[in-house]
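Text of the file upload-v7.txt, holding compact mmCIF, C-alpha atoms and all ligand atoms:
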```
# COMPACT_ATOMS: atom_id res chain seq x y z
CA MET A 1 -3.22 -5.27 24.32
CA SER A 2 -2.64 -1.56 25.00
CA ALA A 3 -5.57 0.83 25.35
CA GLN A 4 -7.28 2.06 22.22
CA ALA A 5 -5.64 5.19 20.83
CA PHE A 6 -6.22 7.46 17.88
CA GLY A 7 -3.47 8.90 15.72
CA LEU A 8 -2.83 12.64 15.47
CA ASP A 9 -0.46 13.86 12.75
CA ILE A 10 0.30 17.57 13.01
CA GLY A 11 1.93 18.28 9.66
CA THR A 12 3.10 21.61 8.29
CA SER A 13 0.53 21.41 5.52
CA SER A 14 -2.38 19.65 7.19
CA ILE A 15 -3.44 18.12 10.49
CA LYS A 16 -4.98 14.66 10.42
CA ALA A 17 -6.61 12.35 12.96
CA ALA A 18 -7.64 8.72 12.54
CA LEU A 19 -9.02 5.93 14.66
CA VAL A 20 -8.72 2.35 13.43
CA LYS A 21 -10.37 -0.58 15.19
CA LYS A 22 -9.61 -4.26 14.86
CA ASP A 23 -12.26 -6.92 15.05
CA GLY A 24 -10.69 -10.37 14.84
CA ASN A 25 -8.40 -9.98 11.84
CA ALA A 26 -10.44 -7.26 10.18
CA PHE A 27 -9.50 -3.57 10.30
CA ARG A 28 -12.12 -0.85 10.28
CA LEU A 29 -11.62 2.89 9.98
CA GLU A 30 -13.82 4.27 12.76
CA SER A 31 -13.03 7.97 12.27
CA ILE A 32 -10.90 10.14 10.07
CA ALA A 33 -10.49 13.92 9.91
CA VAL A 34 -8.28 16.41 8.16
CA THR A 35 -7.94 20.18 8.39
CA PRO A 36 -5.37 22.72 7.08
CA SER A 37 -2.49 23.51 9.46
CA THR A 38 -2.27 26.87 11.20
CA PRO A 39 0.37 29.17 9.63
CA LYS A 40 2.98 28.64 12.38
CA GLY A 41 1.86 25.22 13.60
CA LEU A 42 4.16 23.65 16.14
CA LEU A 43 7.14 25.74 15.08
CA SER A 44 6.10 28.87 16.94
CA GLU A 45 7.12 29.55 20.53
CA SER A 46 4.24 32.00 21.07
CA LEU A 47 1.33 31.03 23.31
CA ILE A 48 -1.18 32.72 20.97
CA ASP A 49 -0.05 30.57 18.02
CA PHE A 50 -0.17 27.53 20.25
CA GLN A 51 -3.69 28.35 21.38
CA ALA A 52 -4.75 28.76 17.74
CA LEU A 53 -3.33 25.32 16.93
CA ALA A 54 -5.13 23.73 19.90
CA ASP A 55 -8.42 25.40 18.82
CA VAL A 56 -8.14 24.06 15.27
CA ILE A 57 -7.43 20.54 16.52
CA ARG A 58 -10.26 20.69 19.09
CA LYS A 59 -12.71 21.78 16.40
CA MET A 60 -11.54 19.02 14.05
CA LEU A 61 -11.88 16.32 16.74
CA ASN A 62 -15.34 17.58 17.73
CA GLU A 63 -16.56 17.56 14.13
CA ALA A 64 -15.23 14.04 13.66
CA ASN A 65 -16.88 13.07 16.97
CA LEU A 66 -13.57 11.62 18.10
CA LYS A 67 -14.00 11.36 21.84
CA ILE A 68 -11.37 8.93 23.08
CA THR A 69 -8.52 10.47 25.02
CA ASN A 70 -5.50 8.27 24.27
CA VAL A 71 -3.47 9.65 21.41
CA VAL A 72 -0.39 8.55 19.47
CA PHE A 73 1.65 11.45 18.03
CA CYS A 74 4.41 11.47 15.48
CA LEU A 75 7.43 13.74 15.53
CA PRO A 76 8.38 15.54 12.33
CA GLU A 77 11.19 13.53 10.73
CA SER A 78 13.23 16.72 10.25
CA GLN A 79 13.36 17.26 14.03
CA VAL A 80 14.28 13.72 14.97
CA TYR A 81 17.71 12.14 14.99
CA THR A 82 17.58 8.46 13.98
CA LYS A 83 20.39 5.92 13.97
CA ILE A 84 20.29 2.17 13.36
CA ILE A 85 22.89 0.20 15.35
CA GLU A 86 23.81 -3.46 15.82
CA MET A 87 23.84 -4.83 19.36
CA PRO A 88 24.26 -8.30 20.87
CA GLN A 89 20.88 -9.91 21.61
CA LEU A 90 19.61 -8.54 24.91
CA SER A 91 16.31 -8.44 26.77
CA ASP A 92 14.44 -5.11 26.73
CA GLN A 93 15.62 -4.42 30.25
CA GLU A 94 19.26 -5.20 29.47
CA LEU A 95 19.12 -3.14 26.28
CA SER A 96 17.66 -0.20 28.14
CA ALA A 97 20.47 -0.36 30.70
CA ALA A 98 23.18 -0.79 28.02
CA LEU A 99 21.92 2.11 25.92
CA LYS A 100 21.77 4.39 28.93
CA PHE A 101 25.55 4.29 29.07
CA GLU A 102 26.22 4.13 25.35
CA MET A 103 23.71 6.67 24.05
CA GLU A 104 26.28 9.46 24.10
CA GLN A 105 28.43 7.80 21.44
CA TYR A 106 25.49 7.47 19.02
CA ILE A 107 23.66 10.76 19.49
CA PRO A 108 25.49 13.92 18.36
CA LEU A 109 23.34 16.10 20.64
CA PRO A 110 23.67 17.02 24.33
CA LEU A 111 21.82 14.21 26.14
CA ASP A 112 20.25 16.56 28.68
CA GLN A 113 18.45 18.34 25.84
CA VAL A 114 16.90 15.34 24.11
CA LYS A 115 14.43 12.60 24.85
CA THR A 116 15.70 9.26 23.60
CA ASP A 117 13.85 6.12 22.68
CA TRP A 118 14.63 2.87 20.86
CA VAL A 119 12.89 0.19 18.81
CA VAL A 120 14.24 -3.33 18.17
CA LEU A 121 14.00 -3.75 14.38
CA SER A 122 15.23 -7.33 13.97
CA ARG A 123 17.06 -10.22 15.64
CA SER A 124 19.45 -12.39 13.71
CA ASP A 125 21.31 -15.64 14.40
CA SER A 126 23.35 -15.66 11.21
CA SER A 127 26.93 -17.03 11.23
CA GLY A 128 26.56 -18.19 14.81
CA LYS A 129 26.43 -14.62 16.08
CA LYS A 130 23.30 -13.57 17.95
CA THR A 131 22.73 -9.91 17.15
CA MET A 132 19.89 -7.47 16.87
CA GLU A 133 19.36 -4.22 15.05
CA VAL A 134 18.09 -1.34 17.11
CA MET A 135 16.84 2.02 15.91
CA ILE A 136 17.72 4.82 18.30
CA ILE A 137 15.59 7.93 18.17
CA ALA A 138 16.40 11.25 19.83
CA ALA A 139 14.10 14.26 19.82
CA PRO A 140 14.81 17.72 21.27
CA LEU A 141 13.06 18.11 24.63
CA ASN A 142 11.55 21.44 23.60
CA ILE A 143 9.69 19.70 20.73
CA VAL A 144 8.51 16.83 22.90
CA SER A 145 7.28 19.24 25.56
CA LYS A 146 5.17 21.02 22.92
CA TYR A 147 3.26 17.78 22.30
CA GLU A 148 2.82 17.33 26.04
CA LYS A 149 1.54 20.88 26.45
CA LEU A 150 -0.83 20.50 23.52
CA SER A 151 -2.18 17.26 25.01
CA GLU A 152 -2.88 19.06 28.26
CA MET A 153 -4.73 21.86 26.46
CA LEU A 154 -6.84 19.30 24.59
CA ASN A 155 -7.38 16.95 27.54
CA LEU A 156 -5.63 14.14 25.71
CA VAL A 157 -3.31 11.49 27.11
CA PRO A 158 -0.29 10.80 24.89
CA SER A 159 0.22 7.02 24.84
CA ALA A 160 3.24 7.29 22.54
CA ILE A 161 5.21 9.74 20.42
CA GLU A 162 7.01 8.06 17.55
CA SER A 163 9.08 8.99 14.55
CA GLU A 164 7.05 9.64 11.38
CA VAL A 165 8.86 7.04 9.31
CA VAL A 166 7.96 4.33 11.84
CA SER A 167 4.26 5.17 11.37
CA VAL A 168 4.51 5.12 7.56
CA HIS A 169 6.37 1.80 7.67
CA ARG A 170 3.62 0.30 9.86
CA ALA A 171 0.87 1.68 7.59
CA LEU A 172 2.47 0.09 4.51
CA LEU A 173 3.94 -3.04 6.12
CA PRO A 174 1.76 -5.54 4.20
CA LEU A 175 3.14 -4.05 0.94
CA VAL A 176 6.82 -4.26 1.91
CA ASN A 177 6.80 -7.36 4.12
CA ASN A 178 8.24 -9.67 1.45
CA ALA A 179 11.49 -11.48 0.67
CA SER A 180 12.93 -8.58 -1.34
CA SER A 181 14.02 -5.04 -0.53
CA ASN A 182 11.65 -2.14 -1.05
CA MET A 183 11.93 1.59 -0.69
CA ILE A 184 9.26 3.77 0.91
CA LEU A 185 9.57 7.30 -0.44
CA HIS A 186 7.41 9.59 1.67
CA ILE A 187 7.03 13.14 0.30
CA GLY A 188 5.12 15.40 2.65
CA GLY A 189 4.71 19.17 2.79
CA THR A 190 8.05 20.32 4.20
CA THR A 191 9.96 17.08 4.65
CA SER A 192 10.52 13.89 2.70
CA SER A 193 11.87 10.58 3.98
CA ILE A 194 13.62 7.78 2.18
CA CYS A 195 13.28 4.47 3.98
CA ILE A 196 14.73 1.18 2.76
CA VAL A 197 13.01 -1.92 4.06
CA LYS A 198 14.59 -5.37 3.71
CA GLN A 199 12.35 -8.38 4.32
CA GLY A 200 9.89 -6.07 6.03
CA ILE A 201 12.47 -4.52 8.38
CA ILE A 202 13.66 -0.89 8.27
CA LYS A 203 17.34 -0.75 7.29
CA THR A 204 18.00 2.86 6.32
CA VAL A 205 16.27 6.17 6.99
CA VAL A 206 17.22 9.46 5.33
CA SER A 207 15.31 12.69 5.81
CA LEU A 208 15.30 15.55 3.24
CA PRO A 209 14.19 19.16 3.76
CA LEU A 210 12.05 19.15 0.59
CA GLY A 211 8.40 18.48 -0.13
CA GLY A 212 5.16 19.73 -1.65
CA ILE A 213 5.50 23.26 -0.26
CA ALA A 214 8.80 23.69 -2.15
CA ILE A 215 7.13 22.26 -5.27
CA THR A 216 4.32 24.82 -5.05
CA ARG A 217 6.82 27.63 -4.45
CA ALA A 218 8.80 26.59 -7.55
CA VAL A 219 5.64 26.68 -9.68
CA SER A 220 4.62 30.04 -8.22
CA LEU A 221 8.05 31.62 -8.87
CA ASP A 222 8.56 30.11 -12.31
CA LEU A 223 5.14 31.03 -13.65
CA GLY A 224 4.87 34.33 -11.74
CA ILE A 225 1.56 33.37 -10.08
CA ASP A 226 0.44 33.47 -6.43
CA GLN A 227 0.89 30.44 -4.17
CA ALA A 228 -2.82 29.53 -4.07
CA SER A 229 -3.06 29.39 -7.89
CA ALA A 230 0.25 27.53 -8.06
CA GLU A 231 -1.13 24.95 -5.58
CA ASN A 232 -4.26 24.48 -7.72
CA TYR A 233 -2.31 24.14 -10.98
CA LYS A 234 0.16 21.76 -9.38
CA ARG A 235 -2.64 19.47 -8.14
CA ALA A 236 -4.57 19.65 -11.41
CA TYR A 237 -1.77 19.23 -13.94
CA GLY A 238 1.38 18.03 -12.15
CA LEU A 239 3.93 16.78 -14.65
CA SER A 240 1.57 16.91 -17.64
CA ARG A 241 3.34 17.86 -20.88
CA ASP A 242 0.17 19.16 -22.49
CA ALA A 243 -1.18 21.69 -19.99
CA PHE A 244 0.41 25.15 -20.39
CA GLU A 245 2.97 23.68 -22.81
CA GLY A 246 4.37 21.57 -19.97
CA LYS A 247 5.45 24.71 -18.05
CA ILE A 248 4.19 23.43 -14.67
CA GLY A 249 6.05 20.16 -15.02
CA LYS A 250 9.21 22.02 -16.03
CA ALA A 251 8.94 24.34 -13.01
CA LEU A 252 8.63 21.55 -10.49
CA ALA A 253 11.03 19.04 -12.08
CA PRO A 254 14.17 20.42 -10.32
CA ILE A 255 12.69 19.58 -6.89
CA LEU A 256 11.87 16.03 -8.00
CA GLU A 257 15.31 15.71 -9.59
CA SER A 258 16.91 16.74 -6.31
CA ILE A 259 14.88 14.05 -4.48
CA THR A 260 15.89 11.53 -7.19
CA GLY A 261 19.56 12.38 -6.55
CA ASP A 262 19.19 11.57 -2.85
CA VAL A 263 17.24 8.39 -3.61
CA LYS A 264 20.08 7.23 -5.89
CA LYS A 265 22.73 8.00 -3.25
CA THR A 266 20.74 6.16 -0.56
CA MET A 267 20.25 3.13 -2.84
CA LEU A 268 23.94 3.01 -3.68
CA SER A 269 25.03 3.11 -0.07
CA PHE A 270 22.45 0.41 0.82
CA ARG A 271 23.73 -1.83 -2.00
CA GLU A 272 27.32 -1.37 -0.86
CA LYS A 273 26.40 -2.53 2.63
CA ASN A 274 24.08 -5.34 1.49
CA ALA A 275 26.00 -7.40 -1.09
CA ASN A 276 24.53 -5.57 -4.09
CA GLU A 277 20.96 -6.34 -3.04
CA THR A 278 18.57 -4.66 -5.50
CA ILE A 279 15.48 -2.75 -4.54
CA SER A 280 12.45 -4.29 -6.20
CA GLN A 281 10.01 -1.40 -5.95
CA ILE A 282 9.43 2.09 -4.61
CA VAL A 283 6.26 2.67 -2.61
CA LEU A 284 5.27 6.35 -2.71
CA SER A 285 3.68 7.98 0.32
CA GLY A 286 2.68 11.42 1.62
CA GLY A 287 0.42 14.10 0.16
CA SER A 288 2.88 14.82 -2.65
CA ALA A 289 2.59 11.21 -3.86
CA LEU A 290 -0.70 12.48 -5.36
CA LEU A 291 1.07 14.81 -7.77
CA PRO A 292 -0.20 13.78 -11.24
CA GLY A 293 2.56 11.91 -13.09
CA ILE A 294 4.97 11.58 -10.13
CA ASP A 295 4.95 7.76 -10.34
CA VAL A 296 5.90 7.83 -14.02
CA PHE A 297 8.58 10.45 -13.28
CA PHE A 298 10.29 8.19 -10.71
CA THR A 299 9.80 5.05 -12.83
CA ASN A 300 11.64 6.76 -15.69
CA SER A 301 14.34 8.47 -13.66
CA LEU A 302 15.15 5.46 -11.47
CA SER A 303 14.22 2.57 -13.83
CA ILE A 304 12.34 0.83 -11.07
CA GLN A 305 8.72 -0.16 -10.45
CA VAL A 306 6.86 2.59 -8.56
CA VAL A 307 3.51 2.09 -6.82
CA LEU A 308 1.32 4.33 -4.69
CA GLY A 309 1.31 3.30 -1.03
CA ASN A 310 -2.30 2.94 0.05
CA CYS A 311 -2.69 2.14 3.76
CA PHE A 312 -6.42 1.45 3.41
CA ALA A 313 -5.87 -1.17 0.70
CA ALA A 314 -2.81 -2.61 2.51
CA TYR A 315 -5.01 -3.55 5.49
CA ASN A 316 -8.16 -4.18 3.45
CA MET A 317 -9.76 -1.60 5.72
CA GLY A 318 -13.52 -1.29 5.96
CA ASN A 319 -15.61 1.88 6.26
CA VAL A 320 -13.21 4.14 4.33
CA PRO A 321 -15.13 7.14 2.88
CA GLN A 322 -15.19 6.80 -0.91
CA GLU A 323 -13.77 10.29 -1.46
CA LEU A 324 -10.71 9.51 0.67
CA LEU A 325 -9.76 6.30 -1.10
CA ALA A 326 -7.90 8.16 -3.84
CA GLN A 327 -6.04 10.28 -1.26
CA ALA A 328 -4.80 7.29 0.74
CA PRO A 329 -1.03 8.11 0.51
CA SER A 330 -1.58 11.34 2.44
CA PHE A 331 -3.17 9.39 5.33
CA ASN A 332 -0.41 6.79 5.74
CA VAL A 333 1.22 8.52 8.72
CA VAL A 334 -1.97 9.03 10.71
CA VAL A 335 -3.35 5.56 9.96
CA GLY A 336 0.03 4.06 10.91
CA LEU A 337 -0.13 5.90 14.23
CA SER A 338 -3.54 4.47 15.05
CA LEU A 339 -2.40 0.96 14.06
CA ARG A 340 0.42 1.16 16.63
CA ASN A 341 -1.53 -0.58 19.40
CA LEU A 342 -3.34 -3.02 17.09
CA LEU A 343 -0.62 -5.10 15.40
N1 LIG A 401 -3.49 16.03 -5.29
C1 LIG A 401 -2.29 16.53 -5.00
N2 LIG A 401 -1.39 16.75 -5.96
C2 LIG A 401 -0.17 17.26 -5.67
N3 LIG A 401 0.24 17.57 -4.43
C3 LIG A 401 -0.63 17.35 -3.43
C4 LIG A 401 -1.93 16.82 -3.64
N4 LIG A 401 -2.57 16.73 -2.46
C5 LIG A 401 -1.69 17.18 -1.54
N5 LIG A 401 -0.55 17.56 -2.12
C6 LIG A 401 0.63 18.14 -1.47
O1 LIG A 401 1.04 17.35 -0.40
C7 LIG A 401 1.65 18.17 0.59
C8 LIG A 401 1.10 17.80 1.92
O2 LIG A 401 1.44 16.47 2.18
P1 LIG A 401 1.25 15.87 3.64
O3 LIG A 401 -0.18 15.98 4.04
O4 LIG A 401 1.88 14.52 3.63
O5 LIG A 401 2.14 16.91 4.45
P2 LIG A 401 2.24 17.28 5.98
O6 LIG A 401 2.19 16.03 6.79
O7 LIG A 401 1.26 18.32 6.35
O8 LIG A 401 3.70 17.92 5.97
P3 LIG A 401 5.06 17.57 6.76
O9 LIG A 401 4.93 16.17 7.30
O10 LIG A 401 6.15 17.69 5.75
O11 LIG A 401 5.13 18.59 7.83
C9 LIG A 401 1.31 19.62 0.25
O12 LIG A 401 2.45 20.31 -0.18
C10 LIG A 401 0.28 19.50 -0.88
O13 LIG A 401 0.43 20.51 -1.85
MG MG A 402 3.67 14.68 7.42
```
Represent the structure of the file as C-alpha cells.
Amino acid sequence: MSAQAFGLDIGTSSIKAALVKKDGNAFRLESIAVTPSTPKGLLSESLIDFQALADVIRKMLNEANLKITNVVFCLPESQVYTKIIEMPQLSDQELSAALKFEMEQYIPLPLDQVKTDWVVLSRSDSSGKKTMEVMIIAAPLNIVSKYEKLSEMLNLVPSAIESEVVSVHRALLPLVNNASSNMILHIGGTTSSICIVKQGIIKTVVSLPLGGIAITRAVSLDLGIDQASAENYKRAYGLSRDAFEGKIGKALAPILESITGDVKKTMLSFREKNANETISQIVLSGGSALLPGIDVFFTNSLSIQVVLGNCFAAYNMGNVPQELLAQAPSFNVVVGLSLRNLL
C-alpha cells in the first residue's frame, strides 16, 4: 500500500484538509480542518498572494496538528481538461506508451504546456471485444507548478494531484456503486461538476462555471444587500417561500435553473449513448448542496430522487466531529483525496 497521505483541497471559497486512516475494514477520520480561502487563492501570480496562501494553510495544519508530509491535491475542475476514451485492453505500460503518441489527438491544448495523466475506469469483454475505458486528464503546467511550489513552501511532498471529480467519486463510491446509473452533482463555490456513474464507473464529466459564489452574488444584487448579508440569508433561508416573501429563493432560482438545464442536457446525451438507460438518483455534493431546499428544488425540476452525498456515512467513518456531520457534502472532495491510498 502507498504511504499515508492527507488530502488538501484548496477551493475558491474554503481550504480543507483531512486525514483518514483504515484499520482492517474500518475507516476513521484522524484529522479534519477548514479555513476560509485567501481572496486571490491560487489564481494570483503574485508572490505576496502566494505567501499569504501558504501562511493560511500552514496555520490551519498546525492548529489541526496535522504533521504528516505526504499530501494528495486536487486540481480545480474548471482548469482541467478531461476526456473519456475507449482503448483496446492494454497493460499500464503499453497504455502509457500508446497514449504518448496519441495524446495530441485527444487534448486540444499544446502538449508542451500541459501535464497529462490517465486513469483506467473500466475493462469490458462484451461482444467478444476486449476494451477498456480510460479517462485522460490534462492540466496546464503553470497550475501544476503552483501546487509544487506551494508544497515546497509548506515542506510537503505531493504524492498525487488528481481531478476534483475523481476525489468526489471516490468519496461517494459506496452510494453509487450499484447496478443502476447515478448522477453526482457537485456544486462548489466557483465551479460545479456533473458526473454520471454507471455501475460505479465514471462515464461522463461536465464542468460548469457556476456555484455558490454566483448564488450569493445573485441574492446580493437582487435584494440590494452586501455580499456578507446575502451569504448569511442564503445559508439561513435558501429556497424558503416564507422568509422575506420568498424573495431570496426567487433571486437565486435562475442560477439553479441554469444548472438544471445543463443537467438535463448531460442526461439526454448519456441516454442517447447508453440505450435509453435511466438515471436512478442524483447525489448532491459540495458546499452548495447545503442550501436549504436545494434537494426539493432538483427533485421537482428533474422528477428524480435526490439525496445528499455524505462521505462520512458512505464509509461509516468513525471519529467524525458531531458539528461536521451535517456539513458532510462540503467535505467530499477532501475526504476523497485522503481515501486515495486506502481503497
Ligand atoms: N449551509 C450552506 N447553505 C448554502 N450554501 C452554503 C452553505 N455552506 C456553504 N455554502 C456554499 O458553498 C460554497 C462553497 O462550497 P465548497 O466548499 O464546495 O467550495 P470550494 O471548494 O471552496 O469552491 P470551488 O471548488 O468551486 O473552488 C460557498 O459558495 C458557500 O456559500
Ligand atoms: Mg471545491
I'd like the contact shell of Leu42 in chain A - 9 Å cut-off, all atoms listed in the file, skipping same-chain residues fewer than 5 positions apart - returned as JSON, numbers by chain. {"A": [10, 11, 12, 49, 50, 53, 143, 146, 147]}
From the options A:Gly212, A:Pro140, A:Pro39, A:Gly188, which residue's atoms come nearest to ligand MG 402 (chain A), counting all atoms listed in the file? A:Gly188
For range 291-301 of chain A, please output as a PyMOL selection string all residues within 10 Å (counting all atoms listed in the file; exclusion window: fewer than 4 positions along the same chain). chain A and resi 212+215+234-241+249+253+256-257+259-261+263-264+281-284+287+305-308
Show me as a PDB file with C-alpha atoms, in the coordinates of the input the residues that reach within 10 Å of (1.5, 5.7, 20.4), counting all atoms listed in the file and using the file's own coordinates.
```pdb
ATOM      1  CA  SER A   2      -2.640  -1.560  25.000  1.00  0.00           C
ATOM      2  CA  ALA A   3      -5.570   0.830  25.350  1.00  0.00           C
ATOM      3  CA  GLN A   4      -7.280   2.060  22.220  1.00  0.00           C
ATOM      4  CA  ALA A   5      -5.640   5.190  20.830  1.00  0.00           C
ATOM      5  CA  PHE A   6      -6.220   7.460  17.880  1.00  0.00           C
ATOM      6  CA  GLY A   7      -3.470   8.900  15.720  1.00  0.00           C
ATOM      7  CA  LEU A   8      -2.830  12.640  15.470  1.00  0.00           C
ATOM      8  CA  ASN A  70      -5.500   8.270  24.270  1.00  0.00           C
ATOM      9  CA  VAL A  71      -3.470   9.650  21.410  1.00  0.00           C
ATOM     10  CA  VAL A  72      -0.390   8.550  19.470  1.00  0.00           C
ATOM     11  CA  PHE A  73       1.650  11.450  18.030  1.00  0.00           C
ATOM     12  CA  CYS A  74       4.410  11.470  15.480  1.00  0.00           C
ATOM     13  CA  PRO A 158      -0.290  10.800  24.890  1.00  0.00           C
ATOM     14  CA  SER A 159       0.220   7.020  24.840  1.00  0.00           C
ATOM     15  CA  ALA A 160       3.240   7.290  22.540  1.00  0.00           C
ATOM     16  CA  ILE A 161       5.210   9.740  20.420  1.00  0.00           C
ATOM     17  CA  GLU A 162       7.010   8.060  17.550  1.00  0.00           C
ATOM     18  CA  SER A 167       4.260   5.170  11.370  1.00  0.00           C
ATOM     19  CA  GLY A 336       0.030   4.060  10.910  1.00  0.00           C
ATOM     20  CA  LEU A 337      -0.130   5.900  14.230  1.00  0.00           C
ATOM     21  CA  SER A 338      -3.540   4.470  15.050  1.00  0.00           C
ATOM     22  CA  LEU A 339      -2.400   0.960  14.060  1.00  0.00           C
ATOM     23  CA  ARG A 340       0.420   1.160  16.630  1.00  0.00           C
ATOM     24  CA  ASN A 341      -1.530  -0.580  19.400  1.00  0.00           C
TER      25      ASN A 341
END
```
Neighbours of ligand MG 402 (chain A) within 10 Å, counting all atoms listed in the file, as a PyMOL selection string? chain A and resi 9-16+74-77+164-165+168+186-193+211+285-287+330-334
Have a look at A:Arg123, A:Lys265, A:Lys130, A:Arg217 and name the one nearest to ligand LIG 401 (chain A); count only C-alpha atoms and all ligand atoms. A:Arg217
Show me the residues around (26.8, -4.3, 8.3) - criterion: an atom at most 9 Å away, only C-alpha atoms counted - as a short mmCIF file (atom, residue, chain, number, x, y, z; two decimals) with C-alpha atoms, in the coordinates of the input.
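Now in result_26.cif:
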```cif
data_model
loop_
_atom_site.label_atom_id
_atom_site.label_comp_id
_atom_site.auth_asym_id
_atom_site.auth_seq_id
_atom_site.Cartn_x
_atom_site.Cartn_y
_atom_site.Cartn_z
CA GLU A 86 23.81 -3.46 15.82
CA LYS A 273 26.40 -2.53 2.63
CA ASN A 274 24.08 -5.34 1.49
#
```
What is the CA of Ile194 in chain A to CA of Tyr106 in chain A distance in Å?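 Separating CA of Ile194 in chain A from CA of Tyr106 in chain A is a distance of 20.6 Å.
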Please list as a list of chain:residue names every residue within 10 Å of Asn178 in chain A, counting all atoms listed in the file and excluding residues in the same chain fewer than 4 positions away.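 Everything that qualifies: A:Leu173, A:Pro174, A:Asn182, A:Val197, A:Lys198, A:Gln199, A:Gly200, A:Ile201.
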